[in-house]
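**Student:** My structure is in query07.txt, and what it holds is compact mmCIF, C-alpha atoms:
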```
# COMPACT_ATOMS: atom_id res chain seq x y z
CA MET A 1 122.82 125.51 95.61
CA ASP A 2 126.10 127.34 95.58
CA LEU A 3 124.82 130.21 97.62
CA TYR A 4 125.02 128.28 100.86
CA SER A 5 128.33 127.31 102.38
CA GLY A 6 129.74 123.80 102.05
CA HIS A 7 128.74 122.89 105.59
CA ILE A 8 125.16 124.00 105.09
CA ASN A 9 124.91 122.17 101.78
CA LYS A 10 126.23 118.98 103.35
CA LEU A 11 123.75 119.27 106.20
CA ILE A 12 120.84 119.84 103.82
CA GLU A 13 121.98 116.82 101.81
CA GLU A 14 122.13 114.57 104.88
CA LEU A 15 118.72 115.71 106.06
CA SER A 16 117.19 115.17 102.61
CA ALA A 17 118.15 111.52 102.89
CA LEU A 18 115.69 111.06 105.76
CA PRO A 19 112.46 109.34 104.77
CA GLY A 20 109.71 111.72 103.70
CA ILE A 21 111.96 114.79 103.78
CA GLY A 22 112.21 116.85 100.58
CA SER A 23 114.77 119.54 99.86
CA LYS A 24 112.55 122.38 101.17
CA SER A 25 111.95 120.65 104.51
CA ALA A 26 115.62 119.74 104.73
CA GLN A 27 116.55 123.39 104.23
CA ARG A 28 114.13 124.44 106.93
CA MET A 29 115.44 121.83 109.34
CA ALA A 30 119.06 122.74 108.58
CA PHE A 31 118.56 126.41 109.43
CA TYR A 32 116.59 125.46 112.51
CA LEU A 33 119.44 123.26 113.73
CA ILE A 34 122.12 125.85 112.97
CA ASN A 35 120.19 128.48 114.88
CA LEU A 36 119.75 126.30 117.99
CA PRO A 37 122.07 126.91 120.98
CA LYS A 38 125.15 124.70 120.88
CA GLU A 39 124.06 122.61 123.90
CA ARG A 40 120.73 121.82 122.27
CA VAL A 41 122.47 120.68 119.09
CA GLN A 42 124.74 118.46 121.15
CA ARG A 43 121.78 117.01 123.03
CA PHE A 44 120.13 116.33 119.68
CA THR A 45 123.10 114.48 118.20
CA ASN A 46 123.72 112.61 121.47
CA THR A 47 120.14 111.38 121.53
CA ILE A 48 120.61 109.97 118.05
CA LEU A 49 123.92 108.29 118.93
CA ASN A 50 122.54 106.88 122.20
CA ALA A 51 119.52 105.43 120.48
CA LYS A 52 121.73 103.86 117.81
CA GLU A 53 124.07 102.50 120.49
CA ASN A 54 121.44 101.05 122.82
CA VAL A 55 118.54 99.99 120.71
CA ARG A 56 118.55 96.39 119.54
CA TYR A 57 116.11 93.71 118.42
CA CYS A 58 114.02 91.90 121.05
CA LYS A 59 115.47 88.38 120.98
CA LYS A 60 111.99 86.90 120.78
CA CYS A 61 109.81 89.10 118.56
CA PHE A 62 112.53 91.26 116.90
CA THR A 63 110.89 94.58 117.61
CA LEU A 64 113.25 97.43 118.46
CA THR A 65 113.85 97.78 122.18
CA ASP A 66 116.65 98.52 124.64
CA GLN A 67 116.32 95.38 126.70
CA ASP A 68 116.94 91.77 125.75
CA LEU A 69 113.21 91.15 125.82
CA CYS A 70 110.78 93.90 124.83
CA PRO A 71 108.08 95.07 127.29
CA ILE A 72 105.44 93.08 125.39
CA CYS A 73 107.29 89.74 125.28
CA SER A 74 108.21 90.05 128.97
CA ASN A 75 104.67 90.95 130.07
CA PRO A 76 103.07 87.90 131.78
CA LYS A 77 99.61 89.39 131.17
CA ARG A 78 99.97 89.09 127.40
CA ASP A 79 98.82 85.92 125.69
CA GLN A 80 102.15 84.42 124.65
CA ASN A 81 100.42 81.76 122.53
CA THR A 82 99.01 84.14 119.94
CA ILE A 83 101.50 85.78 117.59
CA MET A 84 100.64 88.68 115.29
CA VAL A 85 103.12 88.91 112.41
CA VAL A 86 103.80 92.48 111.23
CA GLU A 87 106.24 94.00 108.77
CA SER A 88 107.70 96.70 111.01
CA THR A 89 107.88 98.08 114.53
CA ARG A 90 105.69 100.94 113.36
CA ASP A 91 102.94 98.48 112.44
CA LEU A 92 103.27 96.91 115.89
CA ALA A 93 102.92 100.39 117.38
CA ALA A 94 99.77 100.98 115.35
CA TYR A 95 98.12 97.83 116.76
CA GLU A 96 99.33 98.58 120.29
CA LYS A 97 97.58 101.95 120.11
CA THR A 98 94.24 100.17 119.72
CA GLY A 99 94.88 98.79 123.23
CA LYS A 100 92.73 95.76 122.43
CA TYR A 101 95.20 93.17 121.21
CA GLU A 102 96.30 90.87 124.03
CA GLY A 103 98.74 88.62 122.21
CA VAL A 104 102.38 89.10 121.27
CA TYR A 105 104.04 90.05 117.97
CA HIS A 106 106.65 88.98 115.50
CA VAL A 107 108.32 91.73 113.47
CA LEU A 108 109.56 90.58 110.05
CA HIS A 109 111.48 93.78 109.22
CA GLY A 110 110.32 93.80 105.64
CA ALA A 111 108.17 91.86 103.23
CA ILE A 112 108.97 89.47 100.43
CA SER A 113 109.47 91.45 97.23
CA PRO A 114 111.06 89.63 94.29
CA MET A 115 110.97 92.93 92.35
CA ILE A 116 113.62 94.48 94.58
CA GLY A 117 115.31 91.22 95.44
CA ILE A 118 113.98 90.65 98.97
CA GLY A 119 113.41 86.95 99.51
CA PRO A 120 112.16 84.89 102.47
CA ASN A 121 115.69 84.75 103.89
CA ASP A 122 115.99 88.51 104.04
CA ILE A 123 113.21 88.92 106.61
CA LYS A 124 112.84 87.39 110.10
CA LEU A 125 110.92 84.37 108.85
CA LYS A 126 113.26 81.59 110.02
CA GLU A 127 113.00 83.16 113.47
CA LEU A 128 109.20 83.02 113.29
CA MET A 129 109.26 79.34 112.37
CA GLN A 130 111.55 78.68 115.33
CA ARG A 131 109.07 80.34 117.69
CA LEU A 132 106.38 77.96 116.44
CA GLN A 133 108.23 75.07 118.13
CA GLU A 134 106.73 76.37 121.35
CA ASP A 135 103.10 76.05 122.30
CA ILE A 136 101.53 78.49 119.82
CA GLU A 137 97.78 78.50 119.21
CA GLU A 138 97.32 81.07 116.48
CA VAL A 139 99.41 83.11 114.07
CA ILE A 140 97.64 86.26 112.87
CA ILE A 141 99.21 87.62 109.71
CA ALA A 142 99.00 91.42 109.73
CA THR A 143 101.37 92.30 106.91
CA ASN A 144 100.32 95.29 104.81
CA SER A 145 97.58 95.02 102.25
CA SER A 146 100.09 95.70 99.45
CA LEU A 147 101.36 93.30 96.80
CA GLU A 148 104.43 92.54 98.94
CA GLY A 149 102.38 92.20 102.10
CA GLU A 150 99.95 89.79 100.44
CA THR A 151 102.77 87.75 98.90
CA THR A 152 104.40 87.46 102.31
CA ALA A 153 101.10 86.49 103.93
CA MET A 154 100.52 83.71 101.39
CA TYR A 155 104.08 82.45 101.78
CA ILE A 156 103.90 82.34 105.57
CA SER A 157 100.50 80.69 105.56
CA LYS A 158 101.75 77.91 103.25
CA LEU A 159 104.78 77.45 105.50
CA ILE A 160 102.74 77.18 108.71
CA LYS A 161 99.74 75.16 107.48
CA PRO A 162 101.56 71.76 107.71
CA THR A 163 102.29 72.36 111.42
CA GLY A 164 98.56 72.39 112.19
CA ILE A 165 98.75 75.78 113.92
CA LYS A 166 95.80 78.07 113.15
CA VAL A 167 96.78 80.81 110.68
CA THR A 168 94.56 83.86 110.14
CA ARG A 169 94.79 87.07 108.13
CA ILE A 170 93.44 90.45 109.24
CA ALA A 171 90.40 91.56 107.23
CA SER A 172 90.55 93.82 104.19
CA GLY A 173 87.62 96.16 103.60
CA VAL A 174 86.22 99.64 103.77
CA PRO A 175 87.92 101.70 106.51
CA VAL A 176 85.60 102.77 109.32
CA GLY A 177 84.22 106.21 108.49
CA GLY A 178 85.29 105.72 104.87
CA ASP A 179 83.03 107.14 102.19
CA LEU A 180 82.33 104.44 99.59
CA GLU A 181 82.60 106.79 96.63
CA TYR A 182 86.23 107.59 97.42
CA ILE A 183 87.37 104.03 97.93
CA ASP A 184 89.22 102.13 95.22
CA GLU A 185 87.59 99.24 93.42
CA VAL A 186 89.89 96.55 94.74
CA THR A 187 89.05 97.48 98.32
CA LEU A 188 85.35 97.56 97.48
CA LEU A 189 85.52 94.07 96.01
CA ARG A 190 87.49 92.82 99.02
CA ALA A 191 84.86 94.28 101.33
CA LEU A 192 82.16 92.50 99.34
CA GLU A 193 83.97 89.16 99.39
CA GLY A 194 84.59 89.48 103.10
CA ARG A 195 80.99 90.34 104.00
CA THR A 196 79.60 88.82 107.19
CA GLU A 197 76.04 88.18 108.33
CA ILE A 198 74.53 90.74 110.67
CA MET B 1 104.13 105.68 123.88
CA ASP B 2 105.29 103.21 126.46
CA LEU B 3 105.79 100.43 123.98
CA TYR B 4 109.03 101.86 122.69
CA SER B 5 112.14 101.93 124.80
CA GLY B 6 113.29 105.09 126.57
CA HIS B 7 115.97 105.76 123.98
CA ILE B 8 113.55 105.48 121.08
CA ASN B 9 111.00 107.70 122.83
CA LYS B 10 113.63 110.34 123.49
CA LEU B 11 114.78 110.24 119.88
CA ILE B 12 111.21 110.57 118.59
CA GLU B 13 110.68 113.50 120.94
CA GLU B 14 113.82 115.30 119.74
CA LEU B 15 112.91 114.74 116.11
CA SER B 16 109.34 115.99 116.69
CA ALA B 17 110.81 119.32 117.77
CA LEU B 18 112.13 119.92 114.26
CA PRO B 19 110.05 122.39 112.25
CA GLY B 20 107.30 120.77 110.21
CA ILE B 21 107.84 117.31 111.70
CA GLY B 22 104.84 115.64 113.34
CA SER B 23 104.93 112.58 115.56
CA LYS B 24 104.36 110.13 112.68
CA SER B 25 107.24 111.55 110.62
CA ALA B 26 109.43 111.64 113.71
CA GLN B 27 108.71 107.95 114.33
CA ARG B 28 109.57 107.13 110.75
CA MET B 29 112.79 109.12 110.89
CA ALA B 30 113.75 107.56 114.24
CA PHE B 31 113.47 104.01 112.94
CA TYR B 32 115.30 104.98 109.80
CA LEU B 33 118.20 106.39 111.83
CA ILE B 34 118.33 103.41 114.17
CA ASN B 35 118.45 101.02 111.24
CA LEU B 36 121.32 102.85 109.51
CA PRO B 37 124.85 101.45 109.84
CA LYS B 38 126.74 102.97 112.76
CA GLU B 39 129.19 104.87 110.51
CA ARG B 40 126.32 106.50 108.64
CA VAL B 41 124.72 107.64 111.90
CA GLN B 42 128.05 109.07 113.00
CA ARG B 43 128.49 110.87 109.70
CA PHE B 44 124.98 112.28 110.11
CA THR B 45 125.58 113.64 113.62
CA ASN B 46 129.03 114.94 112.67
CA THR B 47 127.58 116.85 109.74
CA ILE B 48 125.15 118.55 112.13
CA LEU B 49 127.87 119.39 114.65
CA ASN B 50 130.24 120.65 111.94
CA ALA B 51 127.62 122.89 110.46
CA LYS B 52 126.76 124.28 113.89
CA GLU B 53 130.47 124.80 114.62
CA ASN B 54 131.44 126.46 111.35
CA VAL B 55 128.47 128.35 110.11
CA ARG B 56 128.22 132.00 111.15
CA TYR B 57 126.65 135.21 109.95
CA CYS B 58 128.19 137.08 107.02
CA LYS B 59 129.58 140.20 108.68
CA LYS B 60 128.01 142.39 106.01
CA CYS B 61 124.60 140.96 105.10
CA PHE B 62 124.10 138.50 108.00
CA THR B 63 123.19 135.52 105.88
CA LEU B 64 124.48 132.17 107.10
CA THR B 65 127.85 131.27 105.63
CA ASP B 66 131.15 129.69 106.62
CA GLN B 67 133.38 132.55 105.61
CA ASP B 68 133.63 136.05 107.03
CA LEU B 69 131.96 137.39 103.93
CA CYS B 70 129.35 135.34 102.08
CA PRO B 71 129.83 134.46 98.39
CA ILE B 72 127.34 137.17 97.38
CA CYS B 73 128.87 140.03 99.37
CA SER B 74 132.36 139.12 98.19
CA ASN B 75 131.34 138.84 94.52
CA PRO B 76 132.61 141.92 92.62
CA LYS B 77 130.07 141.26 89.85
CA ARG B 78 127.14 141.92 92.18
CA ASP B 79 125.80 145.46 92.44
CA GLN B 80 126.87 146.36 95.97
CA ASN B 81 124.79 149.54 95.92
CA THR B 82 121.41 147.83 95.82
CA ILE B 83 120.33 146.01 98.97
CA MET B 84 117.37 143.64 99.13
CA VAL B 85 116.11 143.26 102.70
CA VAL B 86 114.73 139.80 103.50
CA GLU B 87 113.55 138.10 106.69
CA SER B 88 115.58 134.91 106.42
CA THR B 89 118.36 133.13 104.57
CA ARG B 90 115.68 130.94 103.01
CA ASP B 91 114.05 134.01 101.46
CA LEU B 92 117.44 135.04 100.11
CA ALA B 93 117.80 131.56 98.63
CA ALA B 94 114.39 131.87 96.98
CA TYR B 95 115.41 135.09 95.21
CA GLU B 96 118.83 133.69 94.29
CA LYS B 97 117.10 130.81 92.54
CA THR B 98 115.50 133.26 90.11
CA GLY B 99 119.06 134.04 88.97
CA LYS B 100 117.95 137.52 87.91
CA TYR B 101 118.70 139.70 90.93
CA GLU B 102 122.09 141.37 90.64
CA GLY B 103 122.26 143.29 93.91
CA VAL B 104 123.17 142.16 97.40
CA TYR B 105 121.03 141.29 100.42
CA HIS B 106 120.47 142.09 104.05
CA VAL B 107 119.02 139.32 106.21
CA LEU B 108 116.99 140.59 109.19
CA HIS B 109 116.58 137.18 110.87
CA GLY B 110 112.99 137.86 111.77
CA ALA B 111 110.30 140.48 111.46
CA ILE B 112 108.85 142.98 113.89
CA SER B 113 105.99 141.32 115.76
CA PRO B 114 104.70 143.12 118.86
CA MET B 115 102.33 140.15 119.42
CA ILE B 116 105.19 137.84 120.29
CA GLY B 117 107.46 140.57 121.64
CA ILE B 118 109.87 140.95 118.73
CA GLY B 119 110.81 144.61 118.39
CA PRO B 120 113.12 146.50 116.00
CA ASN B 121 116.09 145.74 118.24
CA ASP B 122 115.58 141.99 117.99
CA ILE B 123 116.28 141.88 114.26
CA LYS B 124 119.33 143.01 112.27
CA LEU B 125 117.97 146.49 111.66
CA LYS B 126 120.68 148.57 113.32
CA GLU B 127 123.13 146.69 111.13
CA LEU B 128 121.12 147.61 108.03
CA MET B 129 121.15 151.30 108.99
CA GLN B 130 124.92 151.10 109.43
CA ARG B 131 125.31 149.73 105.92
CA LEU B 132 123.42 152.73 104.58
CA GLN B 133 126.36 154.97 105.57
CA GLU B 134 128.06 153.61 102.47
CA ASP B 135 127.12 154.56 98.96
CA ILE B 136 123.74 152.81 98.64
CA GLU B 137 121.36 153.65 95.80
CA GLU B 138 118.30 151.58 96.57
CA VAL B 139 116.88 149.46 99.36
CA ILE B 140 114.32 146.91 98.14
CA ILE B 141 112.18 145.63 100.99
CA ALA B 142 111.28 141.99 100.37
CA THR B 143 109.92 140.97 103.75
CA ASN B 144 106.99 138.55 103.63
CA SER B 145 103.53 139.69 102.70
CA SER B 146 102.29 138.83 106.22
CA LEU B 147 101.19 141.22 108.97
CA GLU B 148 104.68 141.08 110.50
CA GLY B 149 106.40 141.45 107.15
CA GLU B 150 104.28 144.50 106.25
CA THR B 151 104.83 146.09 109.67
CA THR B 152 108.57 145.60 109.27
CA ALA B 153 108.50 147.03 105.74
CA MET B 154 106.65 150.15 106.93
CA TYR B 155 109.00 150.60 109.85
CA ILE B 156 112.14 150.30 107.71
CA SER B 157 110.78 152.59 105.04
CA LYS B 158 110.06 155.33 107.63
CA LEU B 159 113.53 154.89 109.04
CA ILE B 160 115.27 155.17 105.66
CA LYS B 161 113.17 157.89 104.01
CA PRO B 162 114.99 160.80 105.82
CA THR B 163 118.34 159.61 104.41
CA GLY B 164 117.12 160.27 100.86
CA ILE B 165 117.96 156.74 99.71
CA LYS B 166 115.36 155.21 97.37
CA VAL B 167 113.19 152.63 99.18
CA THR B 168 111.00 150.20 97.25
CA ARG B 169 108.74 147.28 98.17
CA ILE B 170 108.30 144.12 96.06
CA ALA B 171 104.84 143.92 94.46
CA SER B 172 101.89 142.05 95.95
CA GLY B 173 99.40 140.46 93.58
CA VAL B 174 98.14 137.33 91.91
CA PRO B 175 100.86 134.67 91.64
CA VAL B 176 101.83 133.78 88.08
CA GLY B 177 99.71 130.83 86.99
CA GLY B 178 97.31 131.51 89.87
CA ASP B 179 93.63 130.92 89.22
CA LEU B 180 91.64 133.98 90.31
CA GLU B 181 88.82 131.99 91.84
CA TYR B 182 91.15 130.36 94.37
CA ILE B 183 92.90 133.52 95.49
CA ASP B 184 91.93 135.28 98.71
CA GLU B 185 90.19 138.65 98.61
CA VAL B 186 93.02 140.62 100.17
CA THR B 187 95.41 139.50 97.45
CA LEU B 188 92.83 140.26 94.76
CA LEU B 189 92.39 143.81 96.11
CA ARG B 190 96.17 144.26 96.29
CA ALA B 191 96.49 143.11 92.71
CA LEU B 192 93.83 145.63 91.70
CA GLU B 193 95.48 148.49 93.59
CA GLY B 194 98.84 147.62 92.11
CA ARG B 195 97.59 147.43 88.52
CA THR B 196 99.89 148.84 85.86
CA GLU B 197 99.19 150.13 82.36
CA ILE B 198 99.85 147.67 79.53
```
The structure given in the file should be rewritten as structure tokens.

**Tutor:**
Amino acid sequence: MDLYSGHINKLIEELSALPGIGSKSAQRMAFYLINLPKERVQRFTNTILNAKENVRYCKKCFTLTDQDLCPICSNPKRDQNTIMVVESTRDLAAYEKTGKYEGVYHVLHGAISPMIGIGPNDIKLKELMQRLQEDIEEVIIATNSSLEGETTAMYISKLIKPTGIKVTRIASGVPVGGDLEYIDEVTLLRALEGRTEI
Amino acid sequence: MDLYSGHINKLIEELSALPGIGSKSAQRMAFYLINLPKERVQRFTNTILNAKENVRYCKKCFTLTDQDLCPICSNPKRDQNTIMVVESTRDLAAYEKTGKYEGVYHVLHGAISPMIGIGPNDIKLKELMQRLQEDIEEVIIATNSSLEGETTAMYISKLIKPTGIKVTRIASGVPVGGDLEYIDEVTLLRALEGRTEI
């Protein structure tokens, strides 16, 4: 769009690179930012730079945090012998919101995907295996229910089985409140396979 | 969300303040930014600061630009005697995309809205009246078709009428490709009122 100035175009371009942001939203955000008072814009950019500067991986579970150990790994009330393996910090956050999981996590930062060239060495899998040297009772695999997530789950389970540690996978099925007629066939079959006695 | 660190929380909060960004999108954007290489993050924040620093209002039409006069106002091929009045630079951009409008613009940066305390003096209306001292043939009012946009259009039209300059309003009606059954009643009535002979 030639009608904007170079600076505006560049800003729109940068904002469009953010995940889930299309060119319309980027335009809207750009004008919003330009119209903010200068101090607010500076606070905004400083917050980004500070986060980038200070946030690192927890040295145990590899979630993003600004301490050496994240609040979950350093919490003595959490069951440090049960590890839930997730693909991303956002997935960890989703389970934390339930408020019911008492164990700790391990964040892989990705999933195995031969299609786009992500192998077992590209995710925090070696680090997971190292943690299993300690006294671990159960590894719960909570990778996504996608092709990549399932591949990763199978791979990890095969890797851990020989150690004798219990490996489980979160259930697939009909979401609570879900209307059967709108649910895809694969999920319906999974729900059927995973049926339990009541 | 206590499970993230202070820096991440602050970043998510800042990003949530952007227009159209909810907490889920903000989370996603935050992790994306944190995972970018440091140079990319710096380029991102510099682009924002540069835009804020260099972008100003065109001294004629008040659109956002980085010169004194925007590319449209300084283009001798544009009809400088026809002014389209819009609420925002984004609305200007929308009309520019049609590629068919040959005149120039005037950006009000808002619309009159007594409900939220925005009066005629809070938008670039005085500046529009000043421009009318020059040799202007037509003022096309293209404010939004909302309550505020209509109020503003009426107000401007009353203000300009005594000068003898032609004032027009863009048409309201059924959008091209719109399916009548999905269009609200007010629009349908407007389309009826605005019918033209074929």

**Student:** Could you work out which residues of chain A fall inside 9 Å of chain B? Count all atoms listed in the file, and format the result as a VMD selection string.

**Tutor:** chain A and resid 1 to 8 10 to 11 14 to 15 18 to 21 25 27 to 38 41 to 56 64 to 67 70 to 72 89 to 90 93 96 to 97

**Student:** May I ask for the distance between atom CA of Thr82 of chain A and atom CA of Asp68 of chain A, given in Å to one decimal place?

**Tutor:** 20.3 Å

**Student:** I'd like a table as JSON lines: residues in segment 145-186 of chain B with an atom no more than 9 Å from segment 113-128 of chain B, each row giving the shortest atom pair and its distance in Å to one decimal, all atoms listed in the file counted, sorted by chain and rising residue number.

**Tutor:**
```
{"residue": "B:Leu147", "atom": "CA", "partner": "B:Ser113", "partner_atom": "CA", "distance": 8.3}
{"residue": "B:Glu148", "atom": "CA", "partner": "B:Ser113", "partner_atom": "CA", "distance": 5.4}
{"residue": "B:Gly149", "atom": "CA", "partner": "B:Ser113", "partner_atom": "CA", "distance": 8.6}
{"residue": "B:Thr151", "atom": "CA", "partner": "B:Ser113", "partner_atom": "CA", "distance": 7.8}
{"residue": "B:Thr152", "atom": "CA", "partner": "B:Pro120", "partner_atom": "CA", "distance": 8.2}
{"residue": "B:Tyr155", "atom": "CA", "partner": "B:Pro120", "partner_atom": "CA", "distance": 8.5}
{"residue": "B:Ile156", "atom": "CA", "partner": "B:Leu125", "partner_atom": "CA", "distance": 8.0}
```

**Student:** How big is the axis-aligned box around the listed atoms of segment 152-163 of chain A once 3 Å is added on each side, and where is its centre? Give both in Å to one decimal, as AutoDock Vina command-line options.

**Tutor:**
```
--center_x 102.3 --center_y 79.6 --center_z 106.4 --size_x 11.0 --size_y 21.7 --size_z 16.0
```

**Student:** Report, in Å with one decimal, the straight-line distance from atom CA of Ile160 of chain A to atom CA of Thr98 of chain A.

**Tutor:**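 Going from atom CA of Ile160 of chain A over to atom CA of Thr98 of chain A, I get 26.9 Å.
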
**Student:** Closest to Ser146 of chain B among B:Leu132, B:Leu192, B:Ala111, B:Ala171, using only C-alpha atoms?

**Tutor:**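 Smallest distance to Ser146 of chain B is found for B:Ala111.
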